[in-house]
>>> print(open('entry07.pdb').read())   # PDB, C-alpha atoms, pLDDT in the B column
ATOM      1  CA  MET F   5      91.100 -51.497 219.219  1.00 51.00           C
ATOM      2  CA  GLY F   6      89.056 -51.972 216.064  1.00 54.00           C
ATOM      3  CA  ALA F   7      92.074 -51.367 213.815  1.00 57.00           C
ATOM      4  CA  MET F   8      93.941 -54.406 215.145  1.00 62.00           C
ATOM      5  CA  LYS F   9      93.475 -57.555 213.088  1.00 58.00           C
ATOM      6  CA  ILE F  10      94.578 -60.971 214.277  1.00 53.00           C
ATOM      7  CA  LYS F  11      93.802 -63.279 211.351  1.00 54.00           C
ATOM      8  CA  PRO F  12      91.228 -62.821 208.597  1.00 56.00           C
ATOM      9  CA  GLU F  13      90.086 -66.459 208.752  1.00 67.00           C
ATOM     10  CA  CYS F  14      89.595 -66.371 212.554  1.00 79.00           C
ATOM     11  CA  ILE F  15      90.900 -69.813 213.420  1.00 88.00           C
ATOM     12  CA  SER F  16      89.927 -70.981 216.885  1.00 91.00           C
ATOM     13  CA  PRO F  17      92.636 -70.251 219.445  1.00 93.00           C
ATOM     14  CA  CYS F  18      91.831 -73.468 221.335  1.00 93.00           C
ATOM     15  CA  VAL F  19      95.001 -75.310 222.371  1.00 93.00           C
ATOM     16  CA  ARG F  20      93.157 -78.225 224.006  1.00 92.00           C
ATOM     17  CA  HIS F  21      94.422 -77.214 227.459  1.00 89.00           C
ATOM     18  CA  CYS F  22      91.129 -76.152 229.002  1.00 90.00           C
ATOM     19  CA  CYS F  23      91.239 -75.032 232.601  1.00 95.00           C
ATOM     20  CA  LEU F  24      88.948 -72.235 233.784  1.00 96.00           C
ATOM     21  CA  ASP F  25      90.096 -69.807 236.459  1.00 95.00           C
ATOM     22  CA  GLU F  26      87.835 -68.244 239.100  1.00 96.00           C
ATOM     23  CA  LYS F  27      86.591 -65.707 236.509  1.00 96.00           C
ATOM     24  CA  ASP F  28      85.715 -68.446 233.954  1.00 97.00           C
ATOM     25  CA  ILE F  29      88.668 -67.562 231.714  1.00 97.00           C
ATOM     26  CA  CYS F  30      90.382 -70.504 230.023  1.00 97.00           C
ATOM     27  CA  LEU F  31      94.068 -70.620 230.928  1.00 95.00           C
ATOM     28  CA  GLY F  32      94.816 -72.365 227.630  1.00 96.00           C
ATOM     29  CA  CYS F  33      93.329 -69.924 225.096  1.00 97.00           C
ATOM     30  CA  PHE F  34      92.358 -67.029 227.412  1.00 97.00           C
ATOM     31  CA  ARG F  35      88.782 -66.820 226.134  1.00 98.00           C
ATOM     32  CA  SER F  36      85.919 -66.480 228.591  1.00 98.00           C
ATOM     33  CA  LEU F  37      83.525 -69.383 228.942  1.00 97.00           C
ATOM     34  CA  ASP F  38      80.869 -67.244 227.238  1.00 98.00           C
ATOM     35  CA  GLU F  39      83.212 -66.523 224.308  1.00 98.00           C
ATOM     36  CA  ILE F  40      84.055 -70.221 223.954  1.00 97.00           C
ATOM     37  CA  LEU F  41      80.366 -71.141 223.857  1.00 97.00           C
ATOM     38  CA  LYS F  42      79.556 -68.415 221.296  1.00 97.00           C
ATOM     39  CA  TRP F  43      82.563 -69.115 219.015  1.00 96.00           C
ATOM     40  CA  HIS F  44      80.829 -71.536 216.633  1.00 94.00           C
ATOM     41  CA  ASP F  45      77.993 -69.145 215.772  1.00 95.00           C
ATOM     42  CA  ALA F  46      80.016 -65.913 215.877  1.00 96.00           C
ATOM     43  CA  SER F  47      80.698 -63.868 212.735  1.00 95.00           C
ATOM     44  CA  ASP F  48      84.300 -63.333 211.619  1.00 93.00           C
ATOM     45  CA  GLU F  49      84.123 -59.812 213.064  1.00 94.00           C
ATOM     46  CA  GLN F  50      82.920 -61.135 216.423  1.00 96.00           C
ATOM     47  CA  LYS F  51      85.603 -63.838 216.384  1.00 96.00           C
ATOM     48  CA  ASN F  52      88.257 -61.224 215.687  1.00 95.00           C
ATOM     49  CA  GLU F  53      87.048 -59.189 218.686  1.00 96.00           C
ATOM     50  CA  ILE F  54      87.196 -62.328 220.855  1.00 97.00           C
ATOM     51  CA  LEU F  55      90.760 -62.985 219.660  1.00 96.00           C
ATOM     52  CA  ILE F  56      91.802 -59.420 220.480  1.00 96.00           C
ATOM     53  CA  LYS F  57      90.349 -59.691 223.999  1.00 97.00           C
ATOM     54  CA  ALA F  58      91.940 -63.115 224.543  1.00 97.00           C
ATOM     55  CA  SER F  59      95.307 -61.786 223.387  1.00 96.00           C
ATOM     56  CA  ALA F  60      95.064 -58.891 225.847  1.00 98.00           C
ATOM     57  CA  ARG F  61      94.131 -61.288 228.675  1.00 97.00           C
ATOM     58  CA  LYS F  62      97.091 -63.520 227.835  1.00 96.00           C
ATOM     59  CA  ALA F  63      99.492 -60.552 227.881  1.00 97.00           C
ATOM     60  CA  ALA F  64      98.099 -59.362 231.230  1.00 96.00           C
ATOM     61  CA  PHE F  65      98.379 -62.875 232.674  1.00 94.00           C
ATOM     62  CA  LYS F  66     102.011 -63.190 231.586  1.00 94.00           C
ATOM     63  CA  ALA F  67     102.837 -59.711 232.916  1.00 95.00           C
ATOM     64  CA  ALA F  68     101.265 -60.512 236.285  1.00 92.00           C
ATOM     65  CA  ARG F  69     103.226 -63.771 236.520  1.00 89.00           C
ATOM     66  CA  SER F  70     106.513 -62.062 235.686  1.00 91.00           C
ATOM     67  CA  ASN F  71     105.915 -59.493 238.469  1.00 83.00           C
ATOM     68  CA  ARG F  72     105.821 -62.145 241.177  1.00 75.00           C
TER      69      ARG F  72
END
>>> encode(input="entry07.pdb", output="structure tokens")
Amino acid sequence: MGAMKIKPECISPCVRHCCLDEKDICLGCFRSLDEILKWHDASDEQKNEILIKASARKAAFKAARSNR
């Protein structure tokens, strides 16, 4: 996964639609609560990893919803 790059400037994915599920994943940006809290102090590399994980969670969420 390290080869994938989202954005070099690592802009926050927050869409101001915060709602945590039972696993503390935001259903707006798909970051975990821990990732949201760490975002401000994270390096660009760490932010990029968070974005990659959030993107994967979003894809899995959409796939699960389409299989209903």
>>> resolve_selection(input="entry07.pdb", expression="the PyMOL selection byres ((chain F and resi 58-68) around 10)", output="PyMOL selection string")
chain F and resi 10+17+29-36+39+52-57+69-72
>>> atom_distance(input="entry07.pdb", atom1="CA of His44 in chain F", atom2="CA of Lys27 in chain F")
21.5 Å
>>> atom_distance(input="entry07.pdb", atom1="CA of Lys51 in chain F", atom2="CA of Leu24 in chain F")
19.6 Å
>>> resolve_selection(input="entry07.pdb", expression="the PyMOL selection byres ((chain F and resi 48) around 10)", output="list in words")
Lys11, Pro12, Glu13, Cys14, Ile15, Trp43, Asp45, Ala46, Ser47, Glu49, Gln50, Lys51, Asn52, Glu53 and Ile54 of chain F
